[in-house]
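Structure data follow from model-v5.cif (mmCIF, C-alpha atoms):
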```cif
data_run
loop_
_atom_site.label_atom_id
_atom_site.label_comp_id
_atom_site.auth_asym_id
_atom_site.auth_seq_id
_atom_site.Cartn_x
_atom_site.Cartn_y
_atom_site.Cartn_z
CA MET J 1 -12.63 142.27 -49.35
CA GLU J 2 -11.69 139.73 -51.99
CA CYS J 3 -8.13 138.47 -52.17
CA LYS J 4 -6.14 135.57 -53.52
CA GLY J 5 -3.72 133.09 -52.02
CA HIS J 6 -5.17 132.29 -48.62
CA SER J 7 -7.32 129.56 -47.17
CA PRO J 8 -10.15 130.29 -44.75
CA LYS J 9 -10.33 128.71 -41.32
CA ILE J 10 -11.84 125.26 -41.78
CA ILE J 11 -13.78 123.88 -38.80
CA VAL J 12 -14.16 120.10 -39.04
CA SER J 13 -17.05 118.03 -37.65
CA LYS J 14 -16.96 114.24 -38.06
CA PHE J 15 -19.90 111.84 -37.97
CA GLY J 16 -19.27 108.12 -37.55
CA LYS J 17 -15.88 106.42 -37.82
CA VAL J 18 -14.12 108.95 -40.03
CA ASP J 19 -10.46 108.35 -40.88
CA ASP J 20 -8.37 111.43 -40.04
CA ARG J 21 -6.24 110.73 -43.12
CA GLU J 22 -9.30 111.13 -45.31
CA VAL J 23 -10.13 114.43 -43.65
CA SER J 24 -6.56 115.65 -44.15
CA ARG J 25 -6.69 114.69 -47.82
CA ILE J 26 -9.92 116.63 -48.31
CA ILE J 27 -8.54 119.68 -46.49
CA ASP J 28 -5.36 119.63 -48.59
CA VAL J 29 -7.42 119.81 -51.79
CA MET J 30 -9.62 122.54 -50.34
CA GLU J 31 -6.71 124.69 -49.19
CA GLU J 32 -4.94 124.43 -52.55
CA CYS J 33 -8.12 125.49 -54.32
CA TYR J 34 -8.80 128.42 -51.99
CA GLY J 35 -5.18 129.46 -52.51
CA ARG J 36 -5.63 129.69 -56.26
CA LEU J 37 -9.03 131.40 -56.39
CA THR J 38 -9.91 134.98 -55.51
CA HIS J 39 -12.41 135.07 -52.66
CA ASP J 40 -13.43 136.66 -49.37
CA VAL J 41 -14.27 133.45 -47.48
CA ALA J 42 -12.98 133.64 -43.92
CA LEU J 43 -14.62 130.63 -42.30
CA VAL J 44 -15.96 127.29 -43.57
CA ASP J 45 -17.66 124.43 -41.78
CA LEU J 46 -16.55 121.03 -43.06
CA TYR J 47 -18.81 118.09 -42.16
CA VAL J 48 -17.52 114.62 -43.01
CA PHE J 49 -19.86 111.63 -42.72
CA GLU J 50 -18.76 108.02 -42.64
CA ARG J 51 -21.96 106.61 -44.16
CA SER J 52 -24.86 107.75 -46.29
CA HIS J 53 -27.56 106.88 -43.75
CA LEU J 54 -25.89 109.13 -41.16
CA LEU J 55 -25.90 112.01 -43.62
CA LYS J 56 -29.55 111.50 -44.58
CA ALA J 57 -30.63 111.33 -40.94
CA PHE J 58 -28.66 114.47 -40.11
CA LEU J 59 -30.08 116.47 -43.02
CA THR J 60 -33.64 115.40 -42.24
CA GLU J 61 -33.30 116.31 -38.57
CA GLU J 62 -31.72 119.65 -39.37
CA ALA J 63 -34.43 120.50 -41.90
CA GLU J 64 -37.05 119.91 -39.23
CA GLU J 65 -35.11 122.09 -36.79
CA LEU J 66 -34.81 124.92 -39.31
CA GLY J 67 -38.40 124.59 -40.46
CA ALA J 68 -37.29 123.81 -44.00
CA ALA J 69 -38.44 121.09 -46.36
CA PRO J 70 -36.60 117.76 -46.01
CA PRO J 71 -33.77 117.37 -48.52
CA LYS J 72 -34.73 116.01 -51.93
CA PHE J 73 -32.97 114.84 -55.07
CA ASP J 74 -29.51 114.64 -53.43
CA GLU J 75 -29.21 110.97 -52.53
CA LEU J 76 -26.50 110.26 -55.10
CA PHE J 77 -24.22 113.28 -54.52
CA PHE J 78 -21.08 112.63 -52.48
CA GLY J 79 -20.54 116.30 -51.74
CA MET J 80 -22.83 119.25 -51.13
CA HIS J 81 -22.78 122.84 -49.96
CA ASP J 82 -25.18 125.12 -48.13
CA ALA J 83 -25.24 128.23 -45.98
CA TRP J 84 -28.27 127.52 -43.80
CA ARG J 85 -26.32 128.48 -40.67
CA GLY J 86 -25.17 131.78 -42.14
CA ILE J 87 -21.67 130.66 -43.16
CA PRO J 88 -20.49 128.34 -45.95
CA ARG J 89 -20.78 124.66 -45.08
CA ILE J 90 -19.29 121.84 -47.14
CA ILE J 91 -20.43 118.25 -46.58
CA PHE J 92 -18.85 115.02 -47.81
CA CYS J 93 -19.93 111.41 -47.45
CA LEU J 94 -16.99 108.99 -47.49
CA GLU J 95 -19.19 106.00 -48.31
CA ARG J 96 -20.41 107.73 -51.47
CA MET J 97 -16.85 108.79 -52.40
CA LYS J 98 -15.38 105.33 -51.92
CA GLY J 99 -14.45 103.62 -55.17
CA LEU J 100 -14.72 106.74 -57.31
CA PRO J 101 -11.65 107.71 -59.39
CA GLU J 102 -9.28 110.07 -57.59
CA LEU J 103 -9.77 112.75 -60.24
CA VAL J 104 -13.56 112.66 -59.75
CA GLN J 105 -13.17 113.01 -55.99
CA VAL J 106 -10.75 115.93 -56.35
CA GLY J 107 -13.08 117.55 -58.88
CA GLY J 108 -16.00 117.18 -56.48
CA ILE J 109 -14.07 118.65 -53.56
CA ARG J 110 -13.06 121.66 -55.64
CA HIS J 111 -16.62 121.97 -56.88
CA GLU J 112 -17.88 122.44 -53.32
CA VAL J 113 -15.11 124.97 -52.63
CA GLY J 114 -16.38 126.90 -55.64
CA HIS J 115 -19.87 126.93 -54.16
CA SER J 116 -18.55 128.30 -50.87
CA ILE J 117 -16.93 131.16 -52.78
CA LEU J 118 -19.85 131.99 -55.06
CA HIS J 119 -22.82 130.92 -52.93
CA GLY J 120 -21.69 131.06 -49.31
CA ASP J 121 -24.54 133.30 -48.18
CA LEU J 122 -28.04 132.44 -46.98
CA GLN J 123 -29.62 134.57 -49.75
CA TYR J 124 -28.72 131.88 -52.29
CA TYR J 125 -30.80 129.30 -50.41
CA LEU J 126 -33.86 131.40 -49.50
CA ILE J 127 -34.97 132.17 -53.04
CA PRO J 128 -38.56 133.41 -53.44
CA LEU J 129 -40.86 132.02 -56.11
CA SER J 130 -40.76 134.12 -59.26
CA SER J 131 -43.89 135.50 -60.90
CA GLU J 132 -43.36 132.99 -63.74
CA LEU J 133 -43.56 130.09 -61.30
CA SER J 134 -46.58 131.53 -59.50
CA ASN J 135 -48.38 132.01 -62.81
CA LEU J 136 -47.48 128.48 -63.89
CA VAL J 137 -49.06 127.06 -60.73
CA LYS J 138 -52.26 129.03 -61.32
CA ARG J 139 -52.58 128.29 -65.04
CA PHE J 140 -52.12 124.54 -64.70
CA ASN J 141 -53.63 124.13 -61.21
CA LEU J 142 -50.38 122.69 -59.83
CA PRO J 143 -49.56 122.11 -56.16
CA SER J 144 -47.30 124.77 -54.65
CA SER J 145 -44.72 122.07 -53.89
CA TYR J 146 -44.34 121.51 -57.63
CA ALA J 147 -43.25 125.11 -58.15
CA THR J 148 -40.88 124.84 -55.16
CA ASP J 149 -39.29 121.71 -56.65
CA LEU J 150 -38.87 123.38 -60.06
CA LEU J 151 -37.23 126.39 -58.42
CA TYR J 152 -34.91 124.19 -56.37
CA LEU J 153 -33.86 122.07 -59.34
CA THR J 154 -33.26 125.08 -61.57
CA SER J 155 -31.36 126.97 -58.87
CA ILE J 156 -28.96 124.12 -58.12
CA ALA J 157 -28.32 123.71 -61.85
CA VAL J 158 -27.55 127.41 -62.24
CA LYS J 159 -25.23 127.40 -59.24
CA ASP J 160 -23.47 124.27 -60.51
CA TYR J 161 -22.95 125.90 -63.90
CA GLU J 162 -21.49 129.00 -62.26
CA VAL J 163 -19.05 126.87 -60.24
CA SER J 164 -18.00 124.79 -63.25
CA ARG J 165 -17.47 127.99 -65.24
CA LEU J 166 -15.38 129.53 -62.44
CA LEU J 167 -13.17 126.50 -61.94
CA LYS J 168 -12.58 125.93 -65.65
CA ARG J 169 -11.69 129.61 -66.09
CA SER J 170 -9.22 129.19 -63.21
CA GLY J 171 -7.39 126.32 -64.88
CA TYR J 172 -9.09 123.34 -63.26
CA VAL J 173 -9.83 121.42 -66.43
CA GLU J 174 -9.04 117.71 -66.12
CA ASP J 175 -10.67 117.23 -62.72
CA GLN J 176 -13.75 119.30 -63.62
CA ALA J 177 -14.16 117.39 -66.86
CA ALA J 178 -13.92 114.13 -64.91
CA TYR J 179 -16.48 115.37 -62.38
CA ALA J 180 -18.88 116.53 -65.11
CA LYS J 181 -18.54 113.20 -66.87
CA HIS J 182 -19.23 111.41 -63.56
CA LEU J 183 -22.47 113.36 -63.08
CA LEU J 184 -23.50 112.30 -66.59
CA THR J 185 -22.98 108.58 -65.94
CA PRO J 186 -26.12 106.78 -67.20
CA SER J 187 -28.16 105.34 -64.34
CA GLU J 188 -31.69 104.11 -63.84
CA ASP J 189 -33.01 107.15 -65.71
CA MET J 190 -34.06 105.06 -68.71
CA ALA J 191 -36.56 103.15 -66.57
CA SER J 192 -37.69 106.41 -64.99
CA TRP J 193 -38.37 107.95 -68.38
CA GLU J 194 -40.37 104.96 -69.58
CA ALA J 195 -42.50 105.06 -66.45
CA LEU J 196 -43.39 108.71 -67.12
CA LYS J 197 -45.06 108.22 -70.48
CA GLY J 198 -48.28 110.20 -70.54
CA ILE J 199 -47.64 111.91 -67.18
CA ALA J 200 -46.83 115.48 -68.19
CA MET J 201 -46.26 116.92 -64.70
CA ALA J 202 -43.83 114.16 -63.75
CA LYS J 203 -42.02 114.30 -67.10
CA ALA J 204 -41.46 118.06 -66.82
CA LEU J 205 -40.11 117.69 -63.28
CA PHE J 206 -37.88 114.81 -64.38
CA LEU J 207 -36.33 116.95 -67.13
CA ALA J 208 -35.72 119.70 -64.59
CA SER J 209 -33.93 117.17 -62.38
CA GLN J 210 -31.51 116.43 -65.23
CA LEU J 211 -30.36 120.05 -65.48
CA LYS J 212 -27.75 119.64 -62.72
CA SER J 213 -25.73 117.00 -64.56
CA VAL J 214 -25.88 118.96 -67.82
CA ALA J 215 -24.96 122.24 -66.10
CA CYS J 216 -21.47 121.12 -65.10
CA ALA J 217 -20.75 120.01 -68.66
CA ILE J 218 -21.93 123.23 -70.35
CA PRO J 219 -18.58 125.10 -70.04
CA PHE J 220 -16.97 122.18 -71.86
CA LEU J 221 -19.70 122.00 -74.51
CA LEU J 222 -19.12 125.71 -75.19
CA ASP J 223 -15.33 125.26 -75.60
CA GLU J 224 -14.33 124.04 -79.06
CA ARG J 225 -11.38 122.16 -77.53
CA PHE J 226 -13.72 119.90 -75.56
CA SER J 227 -17.11 120.23 -77.26
CA LYS J 228 -16.90 116.99 -79.24
CA GLU J 229 -15.82 114.91 -76.24
CA ALA J 230 -18.30 116.57 -73.88
CA GLY J 231 -21.05 116.14 -76.44
CA GLY J 232 -20.33 112.42 -76.36
CA TRP J 233 -20.77 112.29 -72.57
CA VAL J 234 -24.07 114.12 -72.78
CA GLU J 235 -25.46 112.09 -75.66
CA LYS J 236 -24.56 108.81 -73.96
CA ALA J 237 -26.11 109.93 -70.67
CA PHE J 238 -29.42 110.75 -72.36
CA SER J 239 -29.47 107.93 -74.90
CA TYR J 240 -32.74 106.68 -73.37
CA MET J 241 -34.52 109.89 -74.35
CA PRO J 242 -36.40 110.15 -77.67
CA ARG J 243 -34.30 112.20 -80.10
CA ALA J 244 -36.80 115.04 -80.35
CA TYR J 245 -36.82 115.48 -76.57
CA TYR J 246 -33.05 115.19 -76.34
CA ASP J 247 -32.34 117.73 -79.07
CA GLU J 248 -34.70 120.33 -77.62
CA PHE J 249 -33.61 119.75 -74.01
CA ILE J 250 -29.91 120.13 -74.79
CA HIS J 251 -30.51 123.06 -77.16
CA VAL J 252 -32.49 124.96 -74.53
CA ALA J 253 -30.02 124.09 -71.76
CA ILE J 254 -27.00 125.30 -73.75
CA GLU J 255 -28.65 128.55 -74.86
CA THR J 256 -29.99 129.26 -71.38
CA PHE J 257 -26.74 128.71 -69.50
CA GLU J 258 -24.59 130.42 -72.16
CA ALA J 259 -26.65 133.61 -71.73
CA LEU J 260 -26.14 133.82 -67.95
CA GLY J 261 -24.14 136.64 -66.43
CA GLU J 262 -22.32 136.96 -63.11
CA ASP J 263 -25.23 137.65 -60.72
CA THR J 264 -26.55 134.38 -59.29
CA LEU J 265 -30.04 135.55 -58.33
CA ASP J 266 -30.56 137.20 -61.72
CA ASN J 267 -29.28 134.03 -63.37
CA ILE J 268 -31.74 131.85 -61.49
CA GLU J 269 -34.65 134.10 -62.44
CA SER J 270 -33.54 134.11 -66.07
CA ALA J 271 -33.11 130.33 -66.17
CA VAL J 272 -36.49 129.70 -64.54
CA ARG J 273 -38.15 131.92 -67.15
CA SER J 274 -36.36 130.18 -70.01
CA PHE J 275 -37.05 126.63 -68.87
CA ILE J 276 -40.71 127.35 -68.12
CA ASN J 277 -41.36 129.00 -71.47
CA ARG J 278 -39.34 126.62 -73.61
CA LEU J 279 -39.62 123.24 -71.87
CA ILE J 280 -41.96 122.99 -68.88
CA GLU J 281 -45.01 124.78 -70.26
CA PRO J 282 -44.92 123.03 -73.68
CA ILE J 283 -44.81 119.66 -71.90
CA LEU J 284 -47.69 120.56 -69.60
CA LYS J 285 -49.72 121.75 -72.61
CA GLY J 286 -49.00 118.51 -74.42
CA SER J 287 -47.39 120.33 -77.34
CA PHE J 288 -43.96 118.80 -76.71
#
```
Starting from the file, give its structure as structure tokens.
Amino acid sequence: MECKGHSPKIIVSKFGKVDDREVSRIIDVMEECYGRLTHDVALVDLYVFERSHLLKAFLTEEAEELGAAPPKFDELFFGMHDAWRGIPRIIFCLERMKGLPELVQVGGIRHEVGHSILHGDLQYYLIPLSSELSNLVKRFNLPSSYATDLLYLTSIAVKDYEVSRLLKRSGYVEDQAAYAKHLLTPSEDMASWEALKGIAMAKALFLASQLKSVACAIPFLLDERFSKEAGGWVEKAFSYMPRAYYDEFIHVAIETFEALGEDTLDNIESAVRSFINRLIEPILKGSF
């Protein structure tokens, strides 16, 4: 039964030398957010890691224990969410948070709370390959792991968009804008793009990996009050990309996310279909 104004029981696990004051600060932000949003979350695991290497070792070991693939693509995120144990679990790495602006940290904490509300069930992490992905593998003779990576990257982008949309609708604007802008901070992606010239499979997967950072900005791009500013963040983040690629990538991303409804699994299937037909397949064919 969904209700508003209460915080679930938060069970804390600490790894390394974790300052209790930092844990209390995180919990305060979480409880305020749960108190504002409507949800039916009763219990949340909160894991706080002192250092990045402890987190990576933990996730790798747990993946082996669960018989899942080792974690990929998440080395730069300071917060994450999953439900592999059957209940929502939120993870933070203090080393990765250190030095970030307060507003970005708060935005990231609330972002993970949003995931626990919208995606706190195992069904959102055990997503079967769609027929579109299976057909893509067959048509282009791709390894099955390639389809799995595309599904993972698209699914996390969809879930991030849903969370950003929820939080912005609920009045969390400044912190979510700061968090979205943080995800769009230009990095070593320019070098990555240059190294991919002529490698269609890698280029398509790289574009899919960029969907997460764009996804959190989409609710701001779709709001005329913020669209100009958010457009600046996005354009700066992808300034390394040839204009034709950039225009098509952003156009497809905006149209795809804007069309999504309220059902996460339907949204993932719809987004996979859109990105395959409009971005991935044209790249693999060499027509884009």
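For the atom pair formed by CA of Leu184 (chain J) and CA of Ala237 (chain J), the distance is 5.4 Å, given to one decimal.
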Fewer than 2 positions away in the same chain doesn't count, so skip those; otherwise give me all residues within 12 Å of Val214 (chain J), counting all atoms listed in the file, as an mmCIF file with C-alpha atoms, in the coordinates of the input.
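Result written to result.cif:
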```
data_model
loop_
_atom_site.group_PDB
_atom_site.id
_atom_site.type_symbol
_atom_site.label_atom_id
_atom_site.label_comp_id
_atom_site.auth_asym_id
_atom_site.auth_seq_id
_atom_site.Cartn_x
_atom_site.Cartn_y
_atom_site.Cartn_z
ATOM 1 C CA THR J 154 -33.260 125.080 -61.570
ATOM 2 C CA ILE J 156 -28.960 124.120 -58.120
ATOM 3 C CA ALA J 157 -28.320 123.710 -61.850
ATOM 4 C CA VAL J 158 -27.550 127.410 -62.240
ATOM 5 C CA ASP J 160 -23.470 124.270 -60.510
ATOM 6 C CA TYR J 161 -22.950 125.900 -63.900
ATOM 7 C CA SER J 164 -18.000 124.790 -63.250
ATOM 8 C CA ALA J 177 -14.160 117.390 -66.860
ATOM 9 C CA TYR J 179 -16.480 115.370 -62.380
ATOM 10 C CA ALA J 180 -18.880 116.530 -65.110
ATOM 11 C CA LYS J 181 -18.540 113.200 -66.870
ATOM 12 C CA HIS J 182 -19.230 111.410 -63.560
ATOM 13 C CA LEU J 183 -22.470 113.360 -63.080
ATOM 14 C CA LEU J 184 -23.500 112.300 -66.590
ATOM 15 C CA THR J 185 -22.980 108.580 -65.940
ATOM 16 C CA LEU J 207 -36.330 116.950 -67.130
ATOM 17 C CA ALA J 208 -35.720 119.700 -64.590
ATOM 18 C CA SER J 209 -33.930 117.170 -62.380
ATOM 19 C CA GLN J 210 -31.510 116.430 -65.230
ATOM 20 C CA LEU J 211 -30.360 120.050 -65.480
ATOM 21 C CA LYS J 212 -27.750 119.640 -62.720
ATOM 22 C CA CYS J 216 -21.470 121.120 -65.100
ATOM 23 C CA ALA J 217 -20.750 120.010 -68.660
ATOM 24 C CA ILE J 218 -21.930 123.230 -70.350
ATOM 25 C CA PRO J 219 -18.580 125.100 -70.040
ATOM 26 C CA PHE J 220 -16.970 122.180 -71.860
ATOM 27 C CA LEU J 221 -19.700 122.000 -74.510
ATOM 28 C CA ALA J 230 -18.300 116.570 -73.880
ATOM 29 C CA GLY J 231 -21.050 116.140 -76.440
ATOM 30 C CA TRP J 233 -20.770 112.290 -72.570
ATOM 31 C CA VAL J 234 -24.070 114.120 -72.780
ATOM 32 C CA GLU J 235 -25.460 112.090 -75.660
ATOM 33 C CA LYS J 236 -24.560 108.810 -73.960
ATOM 34 C CA ALA J 237 -26.110 109.930 -70.670
ATOM 35 C CA PHE J 238 -29.420 110.750 -72.360
ATOM 36 C CA TYR J 246 -33.050 115.190 -76.340
ATOM 37 C CA PHE J 249 -33.610 119.750 -74.010
ATOM 38 C CA ILE J 250 -29.910 120.130 -74.790
ATOM 39 C CA HIS J 251 -30.510 123.060 -77.160
ATOM 40 C CA VAL J 252 -32.490 124.960 -74.530
ATOM 41 C CA ALA J 253 -30.020 124.090 -71.760
ATOM 42 C CA ILE J 254 -27.000 125.300 -73.750
ATOM 43 C CA THR J 256 -29.990 129.260 -71.380
ATOM 44 C CA PHE J 257 -26.740 128.710 -69.500
#
```
- Selected residue of minimal separation from Lys9 (chain J) among J:Trp193, J:Phe58, J:Tyr34, J:Tyr146, counting only C-alpha atoms: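 Ranked by minimum distance to Lys9 (chain J), first place goes to J:Tyr34.
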- Query: Can you tell me how far CA of Val41 (chain J) sits from CA of Pro8 (chain J), in Å to one decimal?
  - Reply: 5.9 Å
- Task: Might you spell out which residues the PyMOL selection byres ((chain J and resi 4) around 8) would select in the displayed file, as number ranges by chain?
- Result: J: 2-3, 5-6, 34-39
Could you put an axis-aligned box around every listed atom of region 228-238 of chain J, padded by 5 Å on each side, and send me its centre and edge lengths in Å to one decimal, as JSON?
```
{"center_x": -22.6, "center_y": 112.9, "center_z": -75.0, "size_x": 23.6, "size_y": 18.2, "size_z": 18.6}
```
- Message: Can you measure CA of Ser213 (chain J) to CA of Val163 (chain J) for me? One decimal in Å is fine.
- Response: 12.7 Å
- Taking the file above as input, evaluate the PyMOL selection byres ((chain J and resi 27) around 12) and report the hits as a PyMOL selection string. chain J and resi 7-12+20-26+28-35+44-48+90-92+106+109-110+112-113
Store the residues picked out above, limited to C-alpha atoms, as a PDB file, in the frame of the given file.
```
ATOM      1  CA  SER J   7      -7.320 129.560 -47.170  1.00  0.00           C
ATOM      2  CA  PRO J   8     -10.150 130.290 -44.750  1.00  0.00           C
ATOM      3  CA  LYS J   9     -10.330 128.710 -41.320  1.00  0.00           C
ATOM      4  CA  ILE J  10     -11.840 125.260 -41.780  1.00  0.00           C
ATOM      5  CA  ILE J  11     -13.780 123.880 -38.800  1.00  0.00           C
ATOM      6  CA  VAL J  12     -14.160 120.100 -39.040  1.00  0.00           C
ATOM      7  CA  ASP J  20      -8.370 111.430 -40.040  1.00  0.00           C
ATOM      8  CA  ARG J  21      -6.240 110.730 -43.120  1.00  0.00           C
ATOM      9  CA  GLU J  22      -9.300 111.130 -45.310  1.00  0.00           C
ATOM     10  CA  VAL J  23     -10.130 114.430 -43.650  1.00  0.00           C
ATOM     11  CA  SER J  24      -6.560 115.650 -44.150  1.00  0.00           C
ATOM     12  CA  ARG J  25      -6.690 114.690 -47.820  1.00  0.00           C
ATOM     13  CA  ILE J  26      -9.920 116.630 -48.310  1.00  0.00           C
ATOM     14  CA  ASP J  28      -5.360 119.630 -48.590  1.00  0.00           C
ATOM     15  CA  VAL J  29      -7.420 119.810 -51.790  1.00  0.00           C
ATOM     16  CA  MET J  30      -9.620 122.540 -50.340  1.00  0.00           C
ATOM     17  CA  GLU J  31      -6.710 124.690 -49.190  1.00  0.00           C
ATOM     18  CA  GLU J  32      -4.940 124.430 -52.550  1.00  0.00           C
ATOM     19  CA  CYS J  33      -8.120 125.490 -54.320  1.00  0.00           C
ATOM     20  CA  TYR J  34      -8.800 128.420 -51.990  1.00  0.00           C
ATOM     21  CA  GLY J  35      -5.180 129.460 -52.510  1.00  0.00           C
ATOM     22  CA  VAL J  44     -15.960 127.290 -43.570  1.00  0.00           C
ATOM     23  CA  ASP J  45     -17.660 124.430 -41.780  1.00  0.00           C
ATOM     24  CA  LEU J  46     -16.550 121.030 -43.060  1.00  0.00           C
ATOM     25  CA  TYR J  47     -18.810 118.090 -42.160  1.00  0.00           C
ATOM     26  CA  VAL J  48     -17.520 114.620 -43.010  1.00  0.00           C
ATOM     27  CA  ILE J  90     -19.290 121.840 -47.140  1.00  0.00           C
ATOM     28  CA  ILE J  91     -20.430 118.250 -46.580  1.00  0.00           C
ATOM     29  CA  PHE J  92     -18.850 115.020 -47.810  1.00  0.00           C
ATOM     30  CA  VAL J 106     -10.750 115.930 -56.350  1.00  0.00           C
ATOM     31  CA  ILE J 109     -14.070 118.650 -53.560  1.00  0.00           C
ATOM     32  CA  ARG J 110     -13.060 121.660 -55.640  1.00  0.00           C
ATOM     33  CA  GLU J 112     -17.880 122.440 -53.320  1.00  0.00           C
ATOM     34  CA  VAL J 113     -15.110 124.970 -52.630  1.00  0.00           C
TER      35      VAL J 113
END
```
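Evaluated against the shown file, the PyMOL selection byres ((chain J and resi 128-139) around 10) gives Gln123, Tyr125, Leu126, Ile127, Phe140, Asn141, Leu142, Pro143, Ser144, Ser145, Tyr146, Ala147, Thr148, Leu150, Leu151, Tyr152, Ile268, Glu269, Ser270, Val272, Arg273, Ser274, Ile276, Asn277, Ile280, Glu281 and Leu284 of chain J.
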- Task: Check the smallest atom-to-atom distance from each of J:Phe78, J:Leu59, J:Ser155, J:Tyr245 to Leu279 (chain J) using all atoms listed in the file, then report the winner.
- Result: J:Tyr245
- Message: Given only C-alpha atoms as the basis, pick out the residue of J:Asp82, J:Glu61, J:Glu255, J:Asp175 nearest to His111 (chain J).
- Response: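 Between J:Asp82, J:Glu61, J:Glu255, J:Asp175, the residue approaching His111 (chain J) most closely is J:Asp175.
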- Using all atoms listed in the file, find the one residue out of J:Glu50, J:Asp247, J:Asp149, J:Asp19 that sits nearest to Ala204 (chain J). J:Asp149
